[in-house]
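Structure below is entry_38.pdb: PDB, C-alpha atoms, pLDDT in the B column.
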ATOM      1  CA  MET A   1      13.797   9.678  -6.959  1.00 80.00           C
ATOM      2  CA  THR A   2      13.830  12.739  -4.742  1.00 87.00           C
ATOM      3  CA  GLU A   3      11.838  12.997  -1.515  1.00 87.00           C
ATOM      4  CA  GLU A   4       9.602  15.597  -3.156  1.00 90.00           C
ATOM      5  CA  GLU A   5       8.883  13.319  -6.125  1.00 88.00           C
ATOM      6  CA  PHE A   6       8.092  10.453  -3.779  1.00 85.00           C
ATOM      7  CA  ALA A   7       5.767  12.686  -1.728  1.00 87.00           C
ATOM      8  CA  ASP A   8       3.902  13.608  -4.932  1.00 88.00           C
ATOM      9  CA  ILE A   9       3.567   9.940  -5.914  1.00 89.00           C
ATOM     10  CA  MET A  10       2.355   9.049  -2.403  1.00 90.00           C
ATOM     11  CA  PHE A  11      -0.252  11.802  -2.522  1.00 90.00           C
ATOM     12  CA  MET A  12      -1.629  10.507  -5.817  1.00 90.00           C
ATOM     13  CA  ALA A  13      -1.587   6.859  -4.687  1.00 93.00           C
ATOM     14  CA  VAL A  14      -3.311   7.590  -1.368  1.00 94.00           C
ATOM     15  CA  ARG A  15      -5.897   9.808  -3.020  1.00 95.00           C
ATOM     16  CA  GLY A  16      -6.709   7.167  -5.635  1.00 95.00           C
ATOM     17  CA  VAL A  17      -6.950   4.180  -3.319  1.00 96.00           C
ATOM     18  CA  CYS A  18      -8.977   6.108  -0.736  1.00 97.00           C
ATOM     19  CA  ALA A  19     -11.460   7.182  -3.413  1.00 97.00           C
ATOM     20  CA  ARG A  20     -11.907   3.509  -4.306  1.00 97.00           C
ATOM     21  CA  ILE A  21     -12.236   2.473  -0.660  1.00 97.00           C
ATOM     22  CA  ALA A  22     -14.897   5.141  -0.094  1.00 98.00           C
ATOM     23  CA  ALA A  23     -16.870   4.158  -3.190  1.00 97.00           C
ATOM     24  CA  ARG A  24     -16.632   0.390  -2.822  1.00 97.00           C
ATOM     25  CA  GLN A  25     -17.104   0.274   0.952  1.00 96.00           C
ATOM     26  CA  ASN A  26     -19.813   2.964   0.972  1.00 97.00           C
ATOM     27  CA  MET A  27     -18.014   5.254   3.401  1.00 96.00           C
ATOM     28  CA  THR A  28     -16.882   8.843   3.457  1.00 97.00           C
ATOM     29  CA  GLU A  29     -13.475   9.700   2.027  1.00 95.00           C
ATOM     30  CA  ARG A  30     -12.428  10.839   5.507  1.00 96.00           C
ATOM     31  CA  ASN A  31     -13.262   7.412   6.966  1.00 97.00           C
ATOM     32  CA  ALA A  32     -11.602   5.709   3.991  1.00 97.00           C
ATOM     33  CA  LEU A  33      -8.460   7.745   4.636  1.00 96.00           C
ATOM     34  CA  ALA A  34      -8.463   6.753   8.315  1.00 97.00           C
ATOM     35  CA  GLU A  35      -8.960   3.077   7.394  1.00 96.00           C
ATOM     36  CA  PHE A  36      -6.122   3.205   4.871  1.00 97.00           C
ATOM     37  CA  TYR A  37      -3.718   5.095   7.156  1.00 96.00           C
ATOM     38  CA  ASN A  38      -4.217   2.386   9.796  1.00 96.00           C
ATOM     39  CA  SER A  39      -3.331  -0.450   7.410  1.00 96.00           C
ATOM     40  CA  ARG A  40      -0.094  -2.351   7.006  1.00 96.00           C
ATOM     41  CA  LEU A  41      -0.389  -1.618   3.281  1.00 96.00           C
ATOM     42  CA  TYR A  42      -0.069   2.117   3.961  1.00 95.00           C
ATOM     43  CA  SER A  43       3.017   1.453   6.081  1.00 95.00           C
ATOM     44  CA  ALA A  44       4.506  -0.508   3.176  1.00 94.00           C
ATOM     45  CA  LEU A  45       3.522   2.215   0.713  1.00 93.00           C
ATOM     46  CA  GLU A  46       5.464   4.754   2.778  1.00 92.00           C
ATOM     47  CA  ARG A  47       8.688   2.810   2.173  1.00 92.00           C
ATOM     48  CA  PRO A  48       9.982   3.480  -1.369  1.00 89.00           C
ATOM     49  CA  GLU A  49      11.928   0.201  -1.466  1.00 90.00           C
ATOM     50  CA  THR A  50       8.690  -1.847  -1.425  1.00 88.00           C
ATOM     51  CA  ARG A  51       7.759  -0.385  -4.806  1.00 88.00           C
ATOM     52  CA  ALA A  52       4.115  -0.525  -3.718  1.00 90.00           C
ATOM     53  CA  TRP A  53       3.727   3.025  -5.051  1.00 87.00           C
ATOM     54  CA  PHE A  54       4.151   1.507  -8.524  1.00 88.00           C
ATOM     55  CA  TYR A  55       0.835  -0.379  -8.288  1.00 93.00           C
ATOM     56  CA  SER A  56      -2.424   0.878  -9.762  1.00 93.00           C
ATOM     57  CA  ASP A  57      -5.166   2.296  -7.555  1.00 93.00           C
ATOM     58  CA  ASP A  58      -7.265  -0.798  -8.257  1.00 95.00           C
ATOM     59  CA  LEU A  59      -4.478  -3.172  -7.234  1.00 95.00           C
ATOM     60  CA  LEU A  60      -3.790  -1.142  -4.089  1.00 96.00           C
ATOM     61  CA  TYR A  61      -7.502  -1.353  -3.257  1.00 97.00           C
ATOM     62  CA  ASP A  62      -7.483  -5.123  -3.777  1.00 97.00           C
ATOM     63  CA  LEU A  63      -4.413  -5.472  -1.544  1.00 96.00           C
ATOM     64  CA  TRP A  64      -6.042  -3.300   1.136  1.00 97.00           C
ATOM     65  CA  ALA A  65      -9.329  -5.247   0.960  1.00 97.00           C
ATOM     66  CA  GLY A  66      -7.430  -8.520   1.185  1.00 96.00           C
ATOM     67  CA  GLU A  67      -5.488  -7.275   4.205  1.00 97.00           C
ATOM     68  CA  LYS A  68      -8.730  -6.171   5.860  1.00 95.00           C
ATOM     69  CA  GLU A  69     -10.277  -9.602   5.253  1.00 96.00           C
ATOM     70  CA  THR A  70      -7.303 -11.860   6.050  1.00 96.00           C
ATOM     71  CA  GLY A  71      -4.954  -9.712   8.114  1.00 95.00           C
ATOM     72  CA  ARG A  72      -2.124 -10.129   5.607  1.00 94.00           C
ATOM     73  CA  ILE A  73      -0.970  -8.543   2.366  1.00 94.00           C
ATOM     74  CA  ASP A  74      -0.811 -10.973  -0.536  1.00 93.00           C
ATOM     75  CA  TRP A  75       1.757  -9.218  -2.720  1.00 92.00           C
ATOM     76  CA  PRO A  76       1.506  -9.924  -6.438  1.00 89.00           C
ATOM     77  CA  GLU A  77       4.471 -11.522  -8.104  1.00 80.00           C
ATOM     78  CA  MET A  78       6.306  -8.813  -9.999  1.00 63.00           C
ATOM     79  CA  ARG A  79       9.314  -9.176 -12.248  1.00 53.00           C
ATOM     80  CA  TYR A  80      11.768  -6.308 -12.437  1.00 55.00           C
ATOM     81  CA  ALA A  81      14.662  -5.787 -14.803  1.00 49.00           C
ATOM     82  CA  GLY A  82      17.067  -6.075 -11.874  1.00 49.00           C
ATOM     83  CA  GLY A  83      16.025  -9.669 -11.314  1.00 46.00           C
ATOM     84  CA  ASN A  84      14.828  -9.195  -7.736  1.00 48.00           C
ATOM     85  CA  ASN A  85      11.279 -10.346  -8.634  1.00 48.00           C
ATOM     86  CA  GLY A  86       9.889  -7.566  -6.452  1.00 47.00           C
ATOM     87  CA  ASN A  87      11.320  -9.039  -3.260  1.00 47.00           C
ATOM     88  CA  VAL A  88      12.412  -6.231  -0.998  1.00 44.00           C
TER      89      VAL A  88
END
This entry written out as structure tokens:
Amino acid sequence: MTEEEFADIMFMAVRGVCARIAARQNMTERNALAEFYNSRLYSALERPETRAWFYSDDLLYDLWAGEKETGRIDWPEMRYAGGNNGNV
């Protein structure tokens, strides 16, 4: 994947999860964006090797909400054709 393709995917992922944060947490999209940018999940999303960009907006929201509540990211178990089970 090129850097430009990854930037496009990031834009869509951030936009989707922030829309969900704003709606479900009853906050403005600007505040949702600030909350998300300050999360460990966003830091993981920025790294292509985590494959977090592959997750749906709803799953990203659930991961973010879980991190906000517990202070950790509870990654789902994923199975990939390469056999790495999503461990990066």
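Interatomic distance, CA of Trp64 (chain A) to CA of Glu4 (chain A): 24.9 Å.
Candidate residues A:Glu46, A:Ala19, A:Ser56, A:Arg40 were compared for distance to Phe6 (chain A), and the nearest is A:Glu46, using only C-alpha atoms.
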Quiz item: Which of these, A:Trp75, A:Phe36, A:Trp53, A:Tyr61, has the shortest distance to Met10 (chain A) once you count all atoms listed in the file?
Solution: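 Smallest separation from Met10 (chain A) among the options: A:Trp53.
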Got a sec: who's within 8 Å of Glu29 (chain A), counting all atoms listed in the file, leaving out chain neighbours fewer than 4 positions off, as a PDB file with C-alpha atoms, keeping the file's coordinate frame?
ATOM      1  CA  CYS A  18      -8.977   6.108  -0.736  1.00 97.00           C
ATOM      2  CA  ALA A  19     -11.460   7.182  -3.413  1.00 97.00           C
ATOM      3  CA  ILE A  21     -12.236   2.473  -0.660  1.00 97.00           C
ATOM      4  CA  ALA A  22     -14.897   5.141  -0.094  1.00 98.00           C
ATOM      5  CA  LEU A  33      -8.460   7.745   4.636  1.00 96.00           C
TER       6      LEU A  33
END
Quiz item: How many Å separate CA of Glu77 (chain A) from CA of Pro48 (chain A)?
Solution: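 For CA of Glu77 (chain A) relative to CA of Pro48 (chain A), the distance reads 17.3 Å.
As for CA of Leu60 (chain A) and CA of Val17 (chain A), they are spaced 6.2 Å apart.
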Exercise. Can you work out which one of A:Val14, A:Glu3, A:Glu69, A:Arg20 has the shortest atom-to-atom distance to Leu45 (chain A), counting all atoms listed in the file?
Key: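 So, comparing all the options, the nearest one is A:Val14.
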Practice problem: Quick one: everything within 12 Å of Met1 (chain A), counting all atoms listed in the file, minus sequence neighbours fewer than 6 positions away in the same chain. Send it as a PyMOL selection string. | Solution: chain A and resi 7-9+48-49+51
Atoms kept (C-alpha atoms) for selection, written as a PDB file, keeping the file's coordinate frame:
ATOM      1  CA  ALA A   7       5.767  12.686  -1.728  1.00 87.00           C
ATOM      2  CA  ASP A   8       3.902  13.608  -4.932  1.00 88.00           C
ATOM      3  CA  ILE A   9       3.567   9.940  -5.914  1.00 89.00           C
ATOM      4  CA  PRO A  48       9.982   3.480  -1.369  1.00 89.00           C
ATOM      5  CA  GLU A  49      11.928   0.201  -1.466  1.00 90.00           C
ATOM      6  CA  ARG A  51       7.759  -0.385  -4.806  1.00 88.00           C
TER       7      ARG A  51
END
Quiz item: Which of these residues is nearest to Glu35 (chain A), using all atoms listed in the file: A:Thr2, A:Lys68, A:Asp57, A:Asp74?
Solution: A:Lys68
Self-check item: Nearest to Ser39 (chain A) by atom-to-atom distance, counting all atoms listed in the file, from A:Arg24, A:Ala13, A:Glu67, A:Phe54
Solution: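 Using all atoms listed in the file, the shortest distance to Ser39 (chain A) belongs to A:Glu67.
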Exercise. Pick out the closest residue to Thr50 (chain A) from this set: A:Asn26, A:Pro76, A:Ala34, A:Gly66. Count all atoms listed in the file.
Key: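 Once distances to Thr50 (chain A) are computed over all atoms listed in the file, the minimum belongs to A:Pro76.
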